[in-house]
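Trainee: So that we are looking at the same thing, I have put the structure below in structure tokens.
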Amino acid sequence: MAESTFGGAPLFESKLSGLTLERRGKVRDVYALDKNRLLIVASDRLSAFDVVLPTPIPNKGRVLTALSNFWFARTKGVMINHLLDTKVEEVITDKAEREMLRGRAVVVRKLKPLAIEAIVRGYLVGSGWKDYQATGEVCGVKLPKNLPLAAELPEPIFTPSTKADIGAHDENIDFAAAAKIVGTKTAEQVRDAALRIYKEARTFAASRGIIIADTKMEFGLDEKGNIILIDELLTPDSSRFWPQSEYRLGENPPSFDKQYVRDWLEASGWNKRPPAPALPADVVANTAAKYKQAYDWLVEGAGAQKSPVREPV
């Protein structure tokens, strides 16, 4: 994708004339085009600890859109996704609005989202590590004893969660709880699809110098009850990307995601309740660089030539 795609002023909140805003999520604004189609706009908002921060990260939405589209194309043989061939220019006529949406909007099928998030973990880290330390399990999946932090699991595991509203926290659940929410057959189909997508993506990412430690996916149902992959896919917002060159057992490697921002917020003394503090300029710039580098490594294959973006010392 051309470098110019990632230019332009940060977008915290979109406003489009002539379209009905269906919902404004933590990152995405969703507009109704008609009864069968939606326009999804990826803003530059960033959420941490389930709170939307007041400071946008320049071009974050464009990077998320470009990476999602890349992965949707690579995995369409595994699972059908919500993207339509309709170009944004075909549904947005205003020149200024087109420029605002450049590289950050897609036209998709309108589907019924499932009320669970499909999380796949290939490595022991984050909330999974905390769960394992306390119980020896992750979301009800029993794991071998004495695994260290960041250990690669014998096999990737499916660890679903509930989907919380903005400001509330998602809750990790076991497969049985997920089956109660969406039905056993649907839960099984989601689990199997999520694991296949993760395994395929993990193999490709490894060829680009990146470990996908874990990832979160969302699925929806069409009018016939078919399961469709929706939302975003394998981005720094929904996944934990580690550079292979800096992976060490027992350590949390530097990552191409918002963990850097989480660490800064933890150190700031914020109580993790709204309102969140504004981010300083250096944190914003470094976060934007991390997101862009994830795209460069995965899509452009730059991982072999460059080192990960590091936080200022």
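In the structure tokens, chains take letters A, B, ... by order of appearance, with residues numbered from 1 within each chain and ligands from 1 in the order shown.
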Report the residues of range 55-295 of chain A whose backbone DSSP state falls under strand (DSSP E or B), written as a count of residues only.

Mentor: 52

Trainee: Of the candidates A:Leu11, A:Trp71, A:Ala206, A:Lys185, which one gets nearest to Pro54 in chain A if we count only C-alpha atoms?

Mentor: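 Comparing A:Leu11, A:Trp71, A:Ala206, A:Lys185 against Pro54 in chain A, the winner is A:Leu11.
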
Trainee: Set out as a Markdown table a contact list for range 186-285 of chain A and range 12-32 of chain A with a cut-off of 10 Å, giving each residue of range 186-285 of chain A that qualifies its closest atom pair and distance in Å to one decimal, counting only C-alpha atoms, ordered by chain and rising residue number.

Mentor:
| residue | atom | partner | partner_atom | distance |
| --- | --- | --- | --- | --- |
| A:Asp231 | CA | A:Arg28 | CA | 9.0 |
| A:Glu232 | CA | A:Arg28 | CA | 9.8 |
| A:Asp237 | CA | A:Val27 | CA | 9.4 |

Trainee: What's around range 147-149 of chain A at 10 Å? Count only C-alpha atoms, leave out sequence neighbours fewer than 5 positions away in its own chain, and write the answer as a list in words.

Mentor: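 Those residues are Tyr123, Leu124, Val125, Gly126, Gly128, Trp129, Lys130, Tyr132, Gln133, Gly136, Arg248, Leu249, Gly250, Glu251 and Asn252 of chain A.
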
Trainee: As a ChimeraX atom specification, list the residues of range 27-229 of chain A assigned to helix (DSSP H, G or I) by DSSP on the backbone atoms of this structure.

Mentor: /A:60-75,88-91,95-101,126-135,175-182,184-207

Trainee: So which one's closest to Leu221 in chain A, A:Val190, A:Leu33, A:Ala289, A:Leu101? Using only C-alpha atoms, please.

Mentor: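 With only C-alpha atoms as the atom set, the closest residue is A:Val190.
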
Trainee: Can you pull out every residue within 7 Å of Phe158 in chain A, counting only C-alpha atoms, but drop anything in the same chain fewer than 4 positions away, and send it as a ChimeraX atom specification?

Mentor: /A:119-121,191,195

Trainee: Between A:Phe204, A:Trp297, A:Phe219, A:Phe70, which residue has the minimum interatomic distance to Ala118 in chain A, considering only C-alpha atoms?

Mentor: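 So, comparing all the options, the nearest one is A:Phe219.
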
Trainee: Let me make sure I understand: among A:Val141, A:Val78, A:Val52, A:Ala9, which one has the smallest atom-to-atom distance to Met100 in chain A if we use only C-alpha atoms?

Mentor: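 Between A:Val141, A:Val78, A:Val52, A:Ala9, the residue approaching Met100 in chain A most closely is A:Ala9.
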
Trainee: Looking at only C-alpha atoms, which of A:Asn69, A:Ser161, A:Ser47, A:Asn286 is the one that sits closest to Ala177 in chain A?

Mentor: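 Closest to Ala177 in chain A, using only C-alpha atoms: A:Ser161.
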
Trainee: Counting only C-alpha atoms, which residue out of A:Val299, A:Val261, A:Leu67, A:Val138 sits closest to Leu234 in chain A?

Mentor: A:Leu67

Trainee: Do you have the CA of Asp222 in chain A-CA of Ala193 in chain A distance handy?

Mentor: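 Spanning CA of Asp222 in chain A to CA of Ala193 in chain A is a straight-line distance of 16.1 Å.
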
Trainee: Go through range 95-187 of chain A and flag each residue having an atom no more than 12 Å from range 34-44 of chain A; for those, report the closest pair of atoms plus their distance in Å to one decimal, using only C-alpha atoms, ordered by chain and rising number, as JSON lines.

Mentor:
{"residue": "A:Glu97", "atom": "CA", "partner": "A:Val41", "partner_atom": "CA", "distance": 11.4}
{"residue": "A:Arg98", "atom": "CA", "partner": "A:Val41", "partner_atom": "CA", "distance": 11.4}
{"residue": "A:Met100", "atom": "CA", "partner": "A:Val41", "partner_atom": "CA", "distance": 9.8}
{"residue": "A:Leu101", "atom": "CA", "partner": "A:Val41", "partner_atom": "CA", "distance": 7.1}
{"residue": "A:Arg102", "atom": "CA", "partner": "A:Val41", "partner_atom": "CA", "distance": 9.7}
{"residue": "A:Gly103", "atom": "CA", "partner": "A:Ala42", "partner_atom": "CA", "distance": 9.0}
{"residue": "A:Arg104", "atom": "CA", "partner": "A:Ala42", "partner_atom": "CA", "distance": 5.3}
{"residue": "A:Ala105", "atom": "CA", "partner": "A:Val41", "partner_atom": "CA", "distance": 4.4}
{"residue": "A:Val106", "atom": "CA", "partner": "A:Ile40", "partner_atom": "CA", "distance": 5.4}
{"residue": "A:Val107", "atom": "CA", "partner": "A:Leu39", "partner_atom": "CA", "distance": 4.7}
{"residue": "A:Val108", "atom": "CA", "partner": "A:Leu38", "partner_atom": "CA", "distance": 5.3}
{"residue": "A:Arg109", "atom": "CA", "partner": "A:Arg37", "partner_atom": "CA", "distance": 4.7}
{"residue": "A:Lys110", "atom": "CA", "partner": "A:Arg37", "partner_atom": "CA", "distance": 4.9}
{"residue": "A:Leu111", "atom": "CA", "partner": "A:Asn36", "partner_atom": "CA", "distance": 8.1}
{"residue": "A:Lys112", "atom": "CA", "partner": "A:Asn36", "partner_atom": "CA", "distance": 11.1}

Trainee: Got a sec: who's within 9 Å of Asp257 in chain A, counting only C-alpha atoms, leaving out chain neighbours fewer than 2 positions off, as a compact mmCIF listing (two decimals) with C-alpha atoms, in the first residue's frame?

Mentor:
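Generated output (result.txt):
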# COMPACT_ATOMS: atom_id res chain seq x y z
CA THR A 235 -4.19 -6.29 13.99
CA PRO A 236 -2.11 -4.75 16.81
CA ASP A 237 -5.42 -3.88 18.51
CA SER A 238 -6.70 -7.45 18.49
CA SER A 239 -3.44 -9.41 18.70
CA ARG A 240 -0.15 -9.63 20.54
CA PHE A 241 2.73 -9.47 18.02
CA TRP A 242 6.28 -10.21 19.16
CA PRO A 254 8.57 -5.88 23.24
CA SER A 255 5.44 -5.92 21.14
CA GLN A 259 1.00 -2.80 25.57
CA TYR A 260 3.42 0.14 25.54
CA VAL A 261 0.50 2.49 26.24
CA THR A 287 2.75 4.09 19.56
CA LYS A 290 4.75 0.55 16.51
CA TYR A 291 1.44 0.18 14.67
CA ALA A 294 3.54 -4.10 12.35
